[in-house]
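Novice: Okay, so here is data-v6.cif, and as you'll see once you scroll down, it has mmCIF, C-alpha atoms.
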data_coords
loop_
_atom_site.group_PDB
_atom_site.id
_atom_site.type_symbol
_atom_site.label_atom_id
_atom_site.label_comp_id
_atom_site.auth_asym_id
_atom_site.auth_seq_id
_atom_site.Cartn_x
_atom_site.Cartn_y
_atom_site.Cartn_z
ATOM 1 C CA MET A 16 66.751 200.998 166.865
ATOM 2 C CA ARG A 17 64.334 203.880 167.339
ATOM 3 C CA VAL A 18 62.918 204.999 170.674
ATOM 4 C CA MET A 19 59.719 207.002 170.367
ATOM 5 C CA ALA A 20 58.717 209.373 173.153
ATOM 6 C CA GLY A 21 55.718 207.973 174.966
ATOM 7 C CA ALA A 22 56.397 204.411 173.784
ATOM 8 C CA ILE A 23 59.743 203.710 175.350
ATOM 9 C CA GLY A 24 58.523 200.723 177.355
ATOM 10 C CA ALA A 25 58.260 198.644 174.180
ATOM 11 C CA ILE A 26 61.993 198.585 173.456
ATOM 12 C CA ALA A 27 63.685 195.191 173.623
ATOM 13 C CA LEU A 28 66.718 195.164 175.898
ATOM 14 C CA VAL A 29 70.020 193.847 174.594
ATOM 15 C CA THR A 30 72.729 193.655 177.236
ATOM 16 C CA PRO A 31 76.085 192.274 176.110
ATOM 17 C CA SER A 32 78.250 191.138 179.007
ATOM 18 C CA ALA A 33 80.804 193.534 180.412
ATOM 19 C CA ILE A 34 84.394 192.323 180.459
ATOM 20 C CA ALA A 35 85.649 193.979 183.601
ATOM 21 C CA ALA A 36 87.606 193.735 186.803
ATOM 22 C CA CYS A 37 85.093 195.228 189.208
ATOM 23 C CA ASP A 38 86.704 193.696 192.271
ATOM 24 C CA GLY A 39 86.264 196.493 194.807
ATOM 25 C CA GLN A 40 89.981 197.196 195.056
ATOM 26 C CA GLY A 41 91.744 200.529 195.471
ATOM 27 C CA GLY A 42 90.821 203.723 197.265
ATOM 28 C CA ILE A 43 91.990 205.183 200.545
ATOM 29 C CA SER A 44 92.289 203.061 203.674
ATOM 30 C CA GLU A 45 90.109 204.248 206.542
ATOM 31 C CA GLU A 46 92.555 202.581 208.913
ATOM 32 C CA THR A 47 95.310 205.019 207.945
ATOM 33 C CA SER A 48 93.177 208.008 206.945
ATOM 34 C CA SER A 49 91.234 210.553 208.953
ATOM 35 C CA TRP A 50 88.399 210.459 206.397
ATOM 36 C CA ARG A 51 85.238 208.492 207.313
ATOM 37 C CA LEU A 52 83.064 206.651 204.795
ATOM 38 C CA ALA A 53 79.690 208.435 204.707
ATOM 39 C CA TRP A 54 78.018 207.150 201.509
ATOM 40 C CA SER A 55 78.868 204.490 198.953
ATOM 41 C CA ASP A 56 77.630 202.186 196.233
ATOM 42 C CA GLU A 57 79.686 199.067 195.514
ATOM 43 C CA PHE A 58 77.262 197.868 192.785
ATOM 44 C CA ASP A 59 77.128 194.373 194.277
ATOM 45 C CA GLY A 60 73.406 193.886 193.651
ATOM 46 C CA ASN A 61 71.407 192.989 190.553
ATOM 47 C CA ALA A 62 70.053 196.419 189.636
ATOM 48 C CA ILE A 63 70.675 200.144 189.963
ATOM 49 C CA ASP A 64 69.488 201.270 193.401
ATOM 50 C CA PRO A 65 66.721 203.911 193.001
ATOM 51 C CA GLU A 66 67.383 205.018 196.579
ATOM 52 C CA ARG A 67 70.844 206.157 195.463
ATOM 53 C CA TRP A 68 70.521 207.082 191.779
ATOM 54 C CA ASN A 69 68.175 208.966 189.458
ATOM 55 C CA ARG A 70 68.257 208.065 185.759
ATOM 56 C CA GLU A 71 67.905 211.173 183.631
ATOM 57 C CA VAL A 72 65.782 211.113 180.454
ATOM 58 C CA ASP A 73 66.282 213.658 177.696
ATOM 59 C CA CYS A 74 67.684 214.198 174.183
ATOM 60 C CA TRP A 75 68.923 217.734 174.880
ATOM 61 C CA GLY A 76 72.583 217.222 174.070
ATOM 62 C CA GLY A 77 73.886 218.564 177.371
ATOM 63 C CA GLY A 78 74.054 222.140 176.104
ATOM 64 C CA ASN A 79 77.193 221.110 174.181
ATOM 65 C CA GLU A 80 75.669 219.782 170.936
ATOM 66 C CA GLU A 81 76.193 216.202 172.148
ATOM 67 C CA ARG A 82 74.655 213.439 170.050
ATOM 68 C CA GLN A 83 72.955 211.147 172.579
ATOM 69 C CA CYS A 84 69.571 210.631 174.174
ATOM 70 C CA TYR A 85 69.777 209.671 177.832
ATOM 71 C CA THR A 86 67.350 206.835 178.575
ATOM 72 C CA PRO A 87 66.144 204.903 181.668
ATOM 73 C CA PHE A 88 66.672 201.536 179.964
ATOM 74 C CA ASP A 89 68.878 198.691 181.155
ATOM 75 C CA GLN A 90 70.514 198.590 177.737
ATOM 76 C CA ASN A 91 72.091 201.951 178.584
ATOM 77 C CA SER A 92 72.656 201.598 182.345
ATOM 78 C CA ARG A 93 72.627 198.512 184.541
ATOM 79 C CA VAL A 94 74.507 196.624 187.239
ATOM 80 C CA GLU A 95 76.409 193.616 185.909
ATOM 81 C CA ASP A 96 79.287 191.518 187.298
ATOM 82 C CA GLY A 97 79.839 193.983 190.157
ATOM 83 C CA CYS A 98 79.978 196.987 187.797
ATOM 84 C CA LEU A 99 77.729 199.867 187.023
ATOM 85 C CA VAL A 100 77.685 199.733 183.224
ATOM 86 C CA ILE A 101 76.903 202.955 181.371
ATOM 87 C CA GLU A 102 76.645 201.969 177.731
ATOM 88 C CA ALA A 103 76.424 204.178 174.653
ATOM 89 C CA ARG A 104 74.748 202.549 171.669
ATOM 90 C CA LEU A 105 74.453 203.549 168.028
ATOM 91 C CA GLY A 106 70.780 203.818 167.092
ATOM 92 C CA GLU A 107 68.396 206.705 166.510
ATOM 93 C CA ALA A 108 66.256 207.821 169.450
ATOM 94 C CA THR A 109 63.639 210.494 170.080
ATOM 95 C CA GLY A 110 62.728 211.971 173.449
ATOM 96 C CA PRO A 111 62.323 215.186 175.465
ATOM 97 C CA ALA A 112 64.192 218.116 173.941
ATOM 98 C CA TRP A 113 64.952 219.576 177.370
ATOM 99 C CA PRO A 114 66.219 218.083 180.632
ATOM 100 C CA ALA A 115 63.768 217.739 183.513
ATOM 101 C CA HIS A 116 65.130 220.634 185.574
ATOM 102 C CA MET A 117 64.659 223.013 182.627
ATOM 103 C CA ARG A 118 61.190 221.701 181.716
ATOM 104 C CA GLU A 119 59.890 222.695 185.162
ATOM 105 C CA GLY A 120 59.781 226.380 184.212
ATOM 106 C CA MET A 121 58.542 225.984 180.638
ATOM 107 C CA SER A 122 55.145 226.261 178.991
ATOM 108 C CA GLU A 123 53.205 223.110 178.205
ATOM 109 C CA GLU A 124 54.109 223.507 174.538
ATOM 110 C CA GLN A 125 57.817 223.752 175.298
ATOM 111 C CA ARG A 126 57.703 220.779 177.664
ATOM 112 C CA ALA A 127 56.219 218.693 174.855
ATOM 113 C CA GLU A 128 59.060 219.444 172.428
ATOM 114 C CA THR A 129 61.167 216.471 171.323
ATOM 115 C CA ASN A 130 64.574 215.976 169.767
ATOM 116 C CA THR A 131 66.113 213.092 167.832
ATOM 117 C CA GLN A 132 69.690 211.885 168.305
ATOM 118 C CA PRO A 133 71.772 209.125 166.625
ATOM 119 C CA PHE A 134 72.952 207.513 169.911
ATOM 120 C CA THR A 135 71.517 206.429 173.257
ATOM 121 C CA SER A 136 73.404 206.485 176.547
ATOM 122 C CA ALA A 137 72.824 207.133 180.263
ATOM 123 C CA ARG A 138 73.331 209.837 182.847
ATOM 124 C CA LEU A 139 72.800 209.040 186.534
ATOM 125 C CA ASN A 140 72.738 211.476 189.439
ATOM 126 C CA THR A 141 72.417 211.350 193.227
ATOM 127 C CA ARG A 142 70.334 214.491 193.720
ATOM 128 C CA GLY A 143 68.065 214.007 196.726
ATOM 129 C CA HIS A 144 69.861 210.761 197.605
ATOM 130 C CA GLY A 145 73.418 212.024 198.009
ATOM 131 C CA ASP A 146 74.108 215.739 198.401
ATOM 132 C CA TRP A 147 77.289 216.915 200.082
ATOM 133 C CA ARG A 148 79.224 219.985 201.123
ATOM 134 C CA TYR A 149 82.912 219.130 201.475
ATOM 135 C CA GLY A 150 84.500 215.692 201.693
ATOM 136 C CA ARG A 151 86.519 213.246 199.659
ATOM 137 C CA ILE A 152 84.782 211.710 196.627
ATOM 138 C CA GLU A 153 86.329 208.649 194.955
ATOM 139 C CA VAL A 154 85.233 206.652 191.915
ATOM 140 C CA ARG A 155 86.997 203.576 190.553
ATOM 141 C CA ALA A 156 86.247 203.277 186.844
ATOM 142 C CA ARG A 157 87.436 202.225 183.410
ATOM 143 C CA LEU A 158 86.895 204.696 180.613
ATOM 144 C CA PRO A 159 85.792 203.975 177.040
ATOM 145 C CA GLU A 160 87.973 204.767 174.049
ATOM 146 C CA GLY A 161 87.250 206.158 170.605
ATOM 147 C CA GLN A 162 86.737 209.387 168.696
ATOM 148 C CA GLY A 163 83.711 211.166 170.140
ATOM 149 C CA THR A 164 83.524 209.427 173.528
ATOM 150 C CA TRP A 165 83.185 211.748 176.511
ATOM 151 C CA PRO A 166 82.872 210.023 179.924
ATOM 152 C CA ALA A 167 82.496 212.271 182.954
ATOM 153 C CA ILE A 168 82.337 212.159 186.756
ATOM 154 C CA TRP A 169 81.146 215.515 188.018
ATOM 155 C CA MET A 170 79.004 217.526 190.436
ATOM 156 C CA LEU A 171 76.338 220.220 190.232
ATOM 157 C CA PRO A 172 74.835 222.403 193.006
ATOM 158 C CA THR A 173 71.724 220.930 194.601
ATOM 159 C CA ASP A 174 69.820 224.198 195.022
ATOM 160 C CA GLU A 175 71.604 226.677 192.708
ATOM 161 C CA TYR A 176 71.687 229.122 195.625
ATOM 162 C CA TYR A 177 73.796 231.668 193.737
ATOM 163 C CA GLY A 178 71.788 231.437 190.511
ATOM 164 C CA PRO A 179 71.736 229.470 187.236
ATOM 165 C CA TRP A 180 74.826 227.889 185.656
ATOM 166 C CA ALA A 181 77.575 228.812 186.199
ATOM 167 C CA LEU A 182 76.830 231.301 188.997
ATOM 168 C CA SER A 183 76.428 228.401 191.442
ATOM 169 C CA GLY A 184 79.440 226.477 190.115
ATOM 170 C CA GLU A 185 80.264 223.057 188.710
ATOM 171 C CA ILE A 186 82.915 220.596 189.924
ATOM 172 C CA ASP A 187 84.315 218.157 187.344
ATOM 173 C CA ILE A 188 86.147 215.266 189.001
ATOM 174 C CA LEU A 189 87.023 213.573 185.702
ATOM 175 C CA GLU A 190 86.548 214.344 182.027
ATOM 176 C CA ALA A 191 88.320 212.688 179.109
ATOM 177 C CA VAL A 192 87.577 212.723 175.391
ATOM 178 C CA ASN A 193 88.648 210.583 172.447
ATOM 179 C CA LEU A 194 90.916 208.324 174.511
ATOM 180 C CA GLY A 195 93.195 206.069 172.476
ATOM 181 C CA GLU A 196 93.016 208.171 169.312
ATOM 182 C CA ARG A 197 96.031 209.656 167.530
ATOM 183 C CA CYS A 198 97.027 212.998 169.031
ATOM 184 C CA ARG A 199 99.997 215.091 167.890
ATOM 185 C CA GLU A 200 100.299 217.113 171.078
ATOM 186 C CA CYS A 201 99.831 214.150 173.462
ATOM 187 C CA ARG A 202 102.564 212.153 175.142
ATOM 188 C CA GLY A 203 103.180 209.037 173.062
ATOM 189 C CA ARG A 204 101.092 210.560 170.226
ATOM 190 C CA VAL A 205 97.973 208.911 171.706
ATOM 191 C CA GLU A 206 95.157 210.801 173.440
ATOM 192 C CA ASN A 207 95.537 209.989 177.146
ATOM 193 C CA ARG A 208 94.735 213.278 178.885
ATOM 194 C CA MET A 209 92.204 213.763 181.667
ATOM 195 C CA PHE A 210 90.937 216.956 183.240
ATOM 196 C CA GLY A 211 89.622 218.141 186.584
ATOM 197 C CA THR A 212 87.761 221.409 186.123
ATOM 198 C CA LEU A 213 85.789 224.090 187.957
ATOM 199 C CA HIS A 214 83.138 226.178 186.188
ATOM 200 C CA PHE A 215 82.163 229.480 187.822
ATOM 201 C CA GLY A 216 81.799 233.209 187.158
ATOM 202 C CA GLY A 217 78.626 234.547 185.606
ATOM 203 C CA ALA A 218 75.508 233.027 184.122
ATOM 204 C CA TRP A 219 76.033 231.620 180.622
ATOM 205 C CA PRO A 220 77.566 232.991 178.415
ATOM 206 C CA GLU A 221 79.587 234.941 180.997
ATOM 207 C CA ASN A 222 80.813 231.720 182.601
ATOM 208 C CA ARG A 223 84.492 230.939 183.170
ATOM 209 C CA TYR A 224 86.471 227.803 183.945
ATOM 210 C CA MET A 225 89.862 226.656 185.173
ATOM 211 C CA ASN A 226 91.292 223.155 185.268
ATOM 212 C CA ARG A 227 94.134 220.847 186.143
ATOM 213 C CA ASN A 228 95.167 217.886 183.992
ATOM 214 C CA THR A 229 97.277 214.756 183.923
ATOM 215 C CA THR A 230 97.664 211.625 181.813
ATOM 216 C CA ILE A 231 95.875 208.337 182.408
ATOM 217 C CA PRO A 232 98.015 205.205 182.784
ATOM 218 C CA THR A 233 97.169 202.407 180.376
ATOM 219 C CA GLY A 234 97.931 198.714 180.087
ATOM 220 C CA PRO A 235 99.423 196.632 177.249
ATOM 221 C CA ASP A 236 98.755 198.037 173.781
ATOM 222 C CA ASN A 237 97.617 201.305 175.438
ATOM 223 C CA GLU A 238 94.343 199.751 176.633
ATOM 224 C CA GLN A 239 92.465 201.552 179.387
ATOM 225 C CA GLN A 240 92.635 200.115 182.902
ATOM 226 C CA PHE A 241 90.614 200.721 186.047
ATOM 227 C CA ASN A 242 91.754 203.864 187.870
ATOM 228 C CA VAL A 243 90.595 205.712 190.977
ATOM 229 C CA PHE A 244 89.523 209.299 190.254
ATOM 230 C CA ALA A 245 89.060 211.527 193.307
ATOM 231 C CA ILE A 246 88.793 214.994 194.763
ATOM 232 C CA GLU A 247 89.312 216.354 198.239
ATOM 233 C CA TRP A 248 86.911 219.253 198.631
ATOM 234 C CA THR A 249 87.439 221.373 201.717
ATOM 235 C CA GLU A 250 86.515 224.933 202.595
ATOM 236 C CA GLY A 251 88.490 227.143 200.228
ATOM 237 C CA ARG A 252 90.245 224.332 198.314
ATOM 238 C CA ILE A 253 89.529 221.579 195.768
ATOM 239 C CA GLU A 254 92.318 219.109 194.977
ATOM 240 C CA TRP A 255 92.326 216.379 192.297
ATOM 241 C CA PHE A 256 93.827 212.889 192.596
ATOM 242 C CA LEU A 257 94.524 209.991 190.248
ATOM 243 C CA ASN A 258 95.205 206.669 191.969
ATOM 244 C CA GLY A 259 95.986 208.491 195.207
ATOM 245 C CA GLU A 260 98.446 210.974 193.673
ATOM 246 C CA SER A 261 97.588 214.672 193.609
ATOM 247 C CA TYR A 262 97.830 216.406 190.242
ATOM 248 C CA GLY A 263 96.619 219.878 191.132
ATOM 249 C CA SER A 264 94.353 222.094 193.191
ATOM 250 C CA LEU A 265 92.375 225.335 192.981
ATOM 251 C CA THR A 266 91.476 227.900 195.665
ATOM 252 C CA PRO A 267 89.388 231.095 195.868
ATOM 253 C CA THR A 268 92.253 232.959 194.196
ATOM 254 C CA ASN A 269 91.296 230.973 191.087
ATOM 255 C CA TRP A 270 87.476 231.096 191.219
ATOM 256 C CA ARG A 271 84.616 233.509 191.834
ATOM 257 C CA THR A 272 80.891 233.954 191.364
ATOM 258 C CA ASP A 273 79.298 237.101 189.984
ATOM 259 C CA SER A 274 76.213 236.530 192.134
ATOM 260 C CA GLU A 275 75.316 239.366 194.504
ATOM 261 C CA LEU A 276 74.316 236.691 197.018
ATOM 262 C CA ALA A 277 77.990 235.862 197.566
ATOM 263 C CA ASN A 278 78.306 239.184 199.458
ATOM 264 C CA GLY A 279 82.081 239.067 199.465
ATOM 265 C CA ASN A 280 82.348 235.413 200.508
ATOM 266 C CA PRO A 281 85.571 234.148 198.850
ATOM 267 C CA ASN A 282 84.513 230.489 199.064
ATOM 268 C CA ALA A 283 81.382 231.025 196.965
ATOM 269 C CA PRO A 284 80.075 229.280 194.938
ATOM 270 C CA PHE A 285 81.824 226.128 196.207
ATOM 271 C CA ASP A 286 80.455 226.346 199.750
ATOM 272 C CA LYS A 287 77.017 224.767 199.211
ATOM 273 C CA GLU A 288 75.782 221.202 198.733
ATOM 274 C CA PHE A 289 76.481 219.481 195.404
ATOM 275 C CA PHE A 290 75.295 216.135 193.992
ATOM 276 C CA LEU A 291 77.210 213.600 191.900
ATOM 277 C CA ILE A 292 76.707 212.772 188.203
ATOM 278 C CA LEU A 293 78.042 209.868 186.123
ATOM 279 C CA ASN A 294 77.486 209.935 182.378
ATOM 280 C CA LEU A 295 78.831 208.953 178.979
ATOM 281 C CA ALA A 296 78.237 211.574 176.293
ATOM 282 C CA ILE A 297 78.931 211.046 172.598
ATOM 283 C CA GLY A 298 80.216 213.907 170.496
ATOM 284 C CA GLY A 299 79.720 217.496 171.471
ATOM 285 C CA ASN A 300 81.794 220.624 171.003
ATOM 286 C CA LEU A 301 84.808 219.490 173.026
ATOM 287 C CA ALA A 302 85.118 215.914 171.772
ATOM 288 C CA GLU A 303 84.427 216.735 168.136
ATOM 289 C CA SER A 304 86.947 219.580 168.022
ATOM 290 C CA LEU A 305 89.942 217.466 169.101
ATOM 291 C CA THR A 306 92.174 214.715 167.637
ATOM 292 C CA LEU A 307 90.539 213.280 164.494
ATOM 293 C CA GLY A 308 87.458 215.490 164.761
ATOM 294 C CA GLY A 309 83.802 214.466 164.725
ATOM 295 C CA VAL A 310 82.469 211.100 165.914
ATOM 296 C CA ARG A 311 83.679 207.736 164.625
ATOM 297 C CA LEU A 312 80.769 205.297 164.280
ATOM 298 C CA GLU A 313 82.733 202.041 164.514
ATOM 299 C CA GLY A 314 83.101 199.976 167.661
ATOM 300 C CA TYR A 315 79.732 200.458 169.348
ATOM 301 C CA PRO A 316 78.466 199.817 171.935
ATOM 302 C CA LYS A 317 80.942 201.683 174.175
ATOM 303 C CA GLN A 318 81.017 201.058 177.919
ATOM 304 C CA PHE A 319 81.927 203.286 180.861
ATOM 305 C CA LEU A 320 82.444 200.847 183.755
ATOM 306 C CA ILE A 321 82.233 201.972 187.389
ATOM 307 C CA ASP A 322 83.434 199.578 190.091
ATOM 308 C CA TRP A 323 82.380 201.682 193.067
ATOM 309 C CA VAL A 324 81.593 205.196 194.311
ATOM 310 C CA ARG A 325 82.665 206.270 197.834
ATOM 311 C CA VAL A 326 82.078 209.562 199.607
ATOM 312 C CA TYR A 327 83.901 210.415 202.848
ATOM 313 C CA ASP A 328 83.335 213.101 205.440
ATOM 314 C CA CYS A 329 85.694 214.483 208.063
ATOM 315 C CA PRO A 330 84.284 213.539 211.501
ATOM 316 C CA GLN A 331 86.594 215.867 213.454
ATOM 317 C CA ASP A 332 85.794 218.837 211.195
ATOM 318 C CA LEU A 333 82.385 218.488 209.555
ATOM 319 C CA GLU A 334 82.095 222.244 208.942
ATOM 320 C CA THR A 335 85.185 222.720 206.750
ATOM 321 C CA ALA A 336 86.824 219.258 206.334
ATOM 322 C CA ARG A 337 90.219 220.980 206.436
ATOM 323 C CA ALA A 338 91.487 218.744 209.249
ATOM 324 C CA CYS A 339 91.324 215.693 206.958
ATOM 325 C CA ALA A 340 92.932 217.187 203.844
ATOM 326 C CA SER A 341 96.111 215.637 202.449
#
What is this structure when it is put down as structure tokens?
Specialist:
Amino acid sequence: MRVMAGAIGAIALVTPSAIAACDGQGGISEETSSWRLAWSDEFDGNAIDPERWNREVDCWGGGNEERQCYTPFDQNSRVEDGCLVIEARLGEATGPAWPAHMREGMSEEQRAETNTQPFTSARLNTRGHGDWRYGRIEVRARLPEGQGTWPAIWMLPTDEYYGPWALSGEIDILEAVNLGERCRECRGRVENRMFGTLHFGGAWPENRYMNRNTTIPTGPDNEQQFNVFAIEWTEGRIEWFLNGESYGSLTPTNWRTDSELANGNPNAPFDKEFFLILNLAIGGNLAESLTLGGVRLEGYPKQFLIDWVRVYDCPQDLETARACAS
């Protein structure tokens, strides 16, 4: 398959059925929690809701030498059987060399540049439809396996108040690479690690990061199951959860921004609105440097299945959300 820039509408859509258990289960109970549901998508309809999600289109590689083009096609992202399906497919594609937010400041010649990648996939974001400062964010999902897979649930600043990445920060709710592959340093000798990470500090390449990690439970034969990935983000604290259990937190003693606009504010840059991103990358510096190395071409298409996304606010403390924290 080849997708040519400017002719993408001619591609035939092939949508194999997802085998999933998108049953709406899991997550916190509002009856026993002080958090209040403020925004959600249960993916119960027949299509991705454009009032909630933007589909990104580019072949940039995420700034990490990733190997996919992100497309707006149903073959790469769709709602099916109660799931949001983000599907990576093997097949050469050509499209914009730069993401939309970077093209805005470029010359006409630069905006017209294209790049070709060996895979297609999808990246969805809520910018302009869901932007939050503080709260609890939960996503129930099943992650793909295989050397080179890189599913992520993460957040970027809506307005980049403190400056370009990573001056304004990045919040990674979930990242995992190469799940199910042989791994000498992993428990059980199988890659089963997941990471929650903050990026901060200076503008690239003076950026820094710090993370917390845990292992993902699996089913029979080490197959991935649905799990609930979450953060509680309050003023001065971000805490990560897997299936309701905390596995770490970070505070202003761990992060900073080099932006002069912070003016001594210890909570910067994680005190502004952020939007949510769901994507499945293939390859890239992190994935290709671990376990077997590179990208294994067998077993495509690969699916990242999302049952639901739920965002909660703290009605008794909308300014800091501290009153609702675990």
Novice: Got a sec: who's within 12 Å of Gln125 of chain A, counting only C-alpha atoms, leaving out chain neighbours fewer than 5 positions off, as a list in words?
Specialist: Pro111, Ala112, Trp113, Pro114, Ala115, Met117, Arg118, Glu119, Gly120 and Asn130 of chain A
Novice: Determine the residue membership of the PyMOL selection byres ((chain A and resi 300-303) around 7) for the file above and supply it as a VMD selection string.
Specialist: chain A and resid 79 to 80 163 to 165 192 to 193 298 to 299 304 to 305 308 to 310
Novice: Between A:Ile321, A:Ala296, A:Cys198, A:Leu189, which residue has the minimum interatomic distance to Val94 of chain A, considering only C-alpha atoms?
Specialist: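 So, comparing all the options, the nearest one is A:Ile321.
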Novice: Expand the PyMOL selection byres ((chain A and resi 201-212) around 10) into the individual residues it matches in the shown file, reporting them as JSON, numbers by chain.
Specialist: {"A": [160, 161, 162, 167, 168, 169, 185, 186, 187, 188, 189, 190, 191, 192, 193, 194, 195, 196, 197, 198, 199, 200, 213, 214, 215, 224, 225, 226, 227, 228, 229, 230, 231, 232, 233, 237, 239, 244, 245, 246, 253, 254, 255, 256, 257, 262, 263, 264, 265, 305, 306]}
Novice: Quick check, in Å to one decimal: how far apart do atom CA of Leu171 of chain A and atom CA of Pro284 of chain A lie?
Specialist: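 Separation of atom CA of Leu171 of chain A and atom CA of Pro284 of chain A: 10.9 Å.
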Novice: Rank nothing, just name the residue among A:Ser49, A:Asn282, A:Asn61, A:Leu320 nearest to Asp332 of chain A, using only C-alpha atoms.
Specialist: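 Nearest to Asp332 of chain A: A:Ser49.
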Novice: Provide the atom CA of Glu260 of chain A to atom CA of Val324 of chain A distance in Å, to one decimal place.
Specialist: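 We find that atom CA of Glu260 of chain A and atom CA of Val324 of chain A lie 17.8 Å from each other.
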Novice: Taking the file as shown, what set of residues would the PyMOL selection byres ((chain A and resi 217-221) around 12) give back, as an MDAnalysis selection string?
Specialist: chainID A and resid 78 175 177:185 214:216 222:224 270:275 284
